[in-house]
There are 2 protein chains.
Amino acid sequence: MKKLRRATDSGREDPENATVDQISLFDQKTVTLRGWIANFRSSGKIAFLQIRDGTGIIQCVGDVQELGPEKFEKLKALTLESSLIVEGVVRKDARSKIGYEIGLKDFEILNISPEFPIGNKEHGVAFLMEHRHLWLRSSRQVALLRVRSEVIRAIRDYFDGRGFYLMDSPILTPNACEGTSTLFETPYFDDKAYLTQSGQLYGEASALALGKIYVFGPTFRAEKSKTRRHLTEFWMVEPEVAFMDIYGDMDLAEDFVEYVVQRTIKNRKTELEYLERNLEPLSRVRKPFPRITYEAAIDILNKNGKPAAFGDDFGGDEETVISQQFDRPVMIHHYPLAIKAFYMKQSEENPKLAACVDMIAPEGYGEIIGGGQREDNMEKLVKRLEEQKLPKEAFEWYLDLRRFGSVPHAGFGLGVERTVAWITGVPHVRETIPFPRMMEKIFP
Amino acid sequence: MKKLRRATDSGREDPENATVDQISLFDQKTVTLRGWIANFRSSGKIAFLQIRDGTGIIQCVGDVQELGPEKFEKLKALTLESSLIVEGVVRKDARSKIGYEIGLKDFEILNISPEFPIGNKEHGVAFLMEHRHLWLRSSRQVALLRVRSEVIRAIRDYFDGRGFYLMDSPILTPNACEGTSTLFETPYFDDKAYLTQSGQLYGEASALALGKIYVFGPTFRAEKSKTRRHLTEFWMVEPEVAFMDIYGDMDLAEDFVEYVVQRTIKNRKTELEYLERNLEPLSRVRKPFPRITYEAAIDILNKNGKPAAFGDDFGGDEETVISQQFDRPVMIHHYPLAIKAFYMKQSEENPKLAACVDMIAPEGYGEIIGGGQREDNMEKLVKRLEEQKLPKEAFEWYLDLRRFGSVPHAGFGLGVERTVAWITGVPHVRETIPFPRMMEKIFP
């Protein structure tokens, strides 16, 4: 009976292409479903197969009277992660979490799996990470990665629906302008190249050509950190808008984060409930978000047992203390110019400040957005390069963006994995990407 | 009068946020528009400003009577690529390509550009590539990159709308399994890593977890090629489907390519017309596409002055000869197993053949898709690794996908830049990505 899949439709119309997430469309109909055994038990006359197909898990019931004794006997060979194709009738079942089960009419076993390395017993993280290619099949990982897929889709739909053009910045870049300590370096024919840490500078060139753009790709940091918030390879989306200032940038950041969070909890409710994510704090992620100055943030720290002074940068602990004062993401703006990158715009109101913003997620998930207005004044930008002892020649092309048709412009970067960690409520970013890369982890 | 942009809406409703591509919505209304001078000429009493804003170019007419002599005089300082914000009334104009012009009521000049390096005279490619960050602003480059953005959006919408999950494969990979000659290598803490050439093997692991997935990211080849079809860094989309065979794979490939081409010519007609792309051959990209076996392709070559024999692989010249026999993309399937990668599935009908497929674009644009069914039989796969002298240990994790719940599965890879080159009709892939990377080109 082997019937393979047709991948060109959405699975909504064709009972021969049924998937668990669409099963309610086929009540009382005979469907073909393909998947792997997530659980199996059998008595003498009846067998219960939990089948996972990547979109969900459904119970299929095999009855010796329906299947015949010979066929029924074959079911008993099934083990965890054995693969099979089944045909059966969809019927309502009040005890089922998804409301339906399938009464088996026929099946074909494709592969009987030997003992699957990841069973129902507890495994250490190191073991699971070594078996990431198999760990991906567990319900928890499937749920997390379906949320990731939806978060990325929401990000793209947000920008695509608002007149932004996707402009990919290069991954291989020629200069190690800000030092090589956290850069991955590769020989590039007779030269050297470095893996990008941010597409922003190129994104600025693109914004001056196309107006509103976003960069979306992998970025790299060779940081010797082993925290729960660090990956060496992570995905970042970076919108950049010509003719926008720091205040428009904050409007964009909060509107964007509200959209991504609300759409994800709407479209991935099942997965978030499976992950036991408390949706109440996420449902509060509605604009306006609180906006506080850097100086107000210093006050909060001092009042909450974290002494701080003007000029200090904030680490994870400080971010957590500040975010605890609010019930939704908080934007901290106008940091001291001296602690910020050379391209940040000097505030027009106070020359000691930069027109920049960080957004801190609630519940201790830390910084998810960093951004701001860019210095569009040629002389000031050159002065900043000199102050930070950066090689002007390497930035001549970037300075061209101020020479020719300079305009106020701003943007930000949002880290995908930290955002997924926050929305799903997982403590470590390593589970928010299919194959995480960390300081001591580059396999499989 | 400076009025900066609000980036959170689509520009469809707010006349203060008008863009050229939406200008018809604001007929007879006063709008604010932001952009750069694409052309300027003035007589004593009237000035014509061509303003580009990234979404198009519109003529704005300044009249000394409306603006007053003092304000009018300021217009005369405008140069190519100077930036400004204008306020004016949208009015129908039969002579305009876009049907409208703007009568200026007010304006503010933000930056007067010194002589722009890229003028109306002819420039060599080397010069333009050195100034890629400015070349991006030319109408031709803007049109090409808007098409690129739409092609990528169509690719994602196709898969997202059909139950595929995005699963990012890693960029940094641990093994140089198939030799290091075309791999970029980087130190990875105390180890080494290589930049991915394809996300497929990881995509297979993901498909066995989630059913239908696609990988979409940058891939890298350190090839010493200087052809018009090669980049060292290029984007590739790679769907992978569990429970699908080579025939389902071909169905998917043609349905997908039809969708991407037809949607792009529908949504980016203006840009394709600007690029003088003949839309007639693209409108013929409708399924079914011709499917010929490798052996039929050999016959075509022999009948058309390109002698070939079983076992030969096809280069660009052969692809062109074959594609000229058809009026739409052609799929060549079942190549000799011996010339294909170890993971290709051995044909069940003929053990000398692989169940694989390449799709060749018409009009000489070469291979845009390579794919096929994967070997899902453990013993055969191990034998193939041995035949190709590949280190089995490095592939143990990949072999696990056959040990545990192996199923027929298939997929393909489509190169974004070659597809954009074909759809836009440009001869060289270097113009199809914002910042191209080639053997001798990694700047800016």
# chains A, B, ... in the order shown; residues from 1 in each chain; ligands from 1
call {"tool": "interface_residues", "arguments": {"of": "chain A", "to": "chain B", "cutoff": "6 Å", "atoms": "only C-alpha atoms", "output": "ChimeraX atom specification"}}
result
/A:4-6,8-10,54,81-83,111,113,133,136-137,149,162-163,165-166,170,174,185-186,205,209-211,243-244,248,252,404-406,435,442
call {"tool": "atom_distance", "arguments": {"atom1": "atom CA of A:Leu25", "atom2": "atom CA of A:Gly88"}}
result
14.3 Å
call {"tool": "residues_around", "arguments": {"residues": "B:Arg418", "least_positions_apart": "4", "cutoff": "7 Å", "atoms": "only C-alpha atoms", "output": "number ranges by chain"}}
result
B: 229, 368, 422, 429
call {"tool": "write_last_selection", "arguments": {"atoms": "C-alpha atoms", "output": "mmCIF file, in the first residue's frame"}}
result
data_model
loop_
_atom_site.group_PDB
_atom_site.id
_atom_site.type_symbol
_atom_site.label_atom_id
_atom_site.label_comp_id
_atom_site.auth_asym_id
_atom_site.auth_seq_id
_atom_site.Cartn_x
_atom_site.Cartn_y
_atom_site.Cartn_z
ATOM 1 C CA ARG B 229 27.716 32.225 -12.910
ATOM 2 C CA ILE B 368 19.184 26.466 -11.208
ATOM 3 C CA TRP B 422 17.524 34.432 -15.161
ATOM 4 C CA VAL B 429 25.311 37.091 -11.171
#
call {"tool": "residues_around", "arguments": {"residues": "B:Glu379", "least_positions_apart": "4", "cutoff": "12 Å", "atoms": "only C-alpha atoms", "output": "list in words"}}
result
Lys345, Gln346, Glu375, Lys383, Arg384, Leu385, Glu386, Leu399, Arg402 and Arg403 of chain B
call {"tool": "residues_around", "arguments": {"residues": "B:Tyr335", "least_positions_apart": "5", "cutoff": "7 Å", "atoms": "only C-alpha atoms", "output": "ChimeraX atom specification"}}
result
/B:294,353-354,356
call {"tool": "write_last_selection", "arguments": {"atoms": "all heavy atoms", "output": "mmCIF file, in the first residue's frame"}}
result
data_model
loop_
_atom_site.group_PDB
_atom_site.id
_atom_site.type_symbol
_atom_site.label_atom_id
_atom_site.label_comp_id
_atom_site.auth_asym_id
_atom_site.auth_seq_id
_atom_site.Cartn_x
_atom_site.Cartn_y
_atom_site.Cartn_z
ATOM 1 N N TYR B 294 18.722 11.388 -18.322
ATOM 2 C CA TYR B 294 20.118 11.687 -18.656
ATOM 3 C C TYR B 294 20.472 11.101 -20.022
ATOM 4 O O TYR B 294 21.127 11.754 -20.844
ATOM 5 C CB TYR B 294 21.014 11.108 -17.561
ATOM 6 C CG TYR B 294 22.489 11.079 -17.901
ATOM 7 C CD1 TYR B 294 23.286 12.197 -17.681
ATOM 8 C CD2 TYR B 294 23.078 9.926 -18.421
ATOM 9 C CE1 TYR B 294 24.640 12.172 -17.987
ATOM 10 C CE2 TYR B 294 24.424 9.893 -18.720
ATOM 11 C CZ TYR B 294 25.209 11.009 -18.506
ATOM 12 O OH TYR B 294 26.546 10.980 -18.808
ATOM 13 N N LEU B 353 22.093 3.946 -12.175
ATOM 14 C CA LEU B 353 21.592 5.324 -12.180
ATOM 15 C C LEU B 353 21.261 5.812 -10.778
ATOM 16 O O LEU B 353 20.972 5.025 -9.879
ATOM 17 C CB LEU B 353 20.331 5.418 -13.054
ATOM 18 C CG LEU B 353 20.482 4.996 -14.522
ATOM 19 C CD1 LEU B 353 19.156 5.158 -15.256
ATOM 20 C CD2 LEU B 353 21.590 5.779 -15.222
ATOM 21 N N ALA B 354 21.310 7.125 -10.629
ATOM 22 C CA ALA B 354 20.903 7.765 -9.377
ATOM 23 C C ALA B 354 19.553 8.427 -9.572
ATOM 24 O O ALA B 354 19.286 9.005 -10.630
ATOM 25 C CB ALA B 354 21.936 8.819 -8.975
ATOM 26 N N CYS B 356 18.120 11.176 -9.240
ATOM 27 C CA CYS B 356 18.404 12.595 -9.012
ATOM 28 C C CYS B 356 17.893 13.431 -10.175
ATOM 29 O O CYS B 356 17.518 12.893 -11.217
ATOM 30 C CB CYS B 356 19.890 12.808 -8.827
ATOM 31 S SG CYS B 356 20.835 12.441 -10.299
#
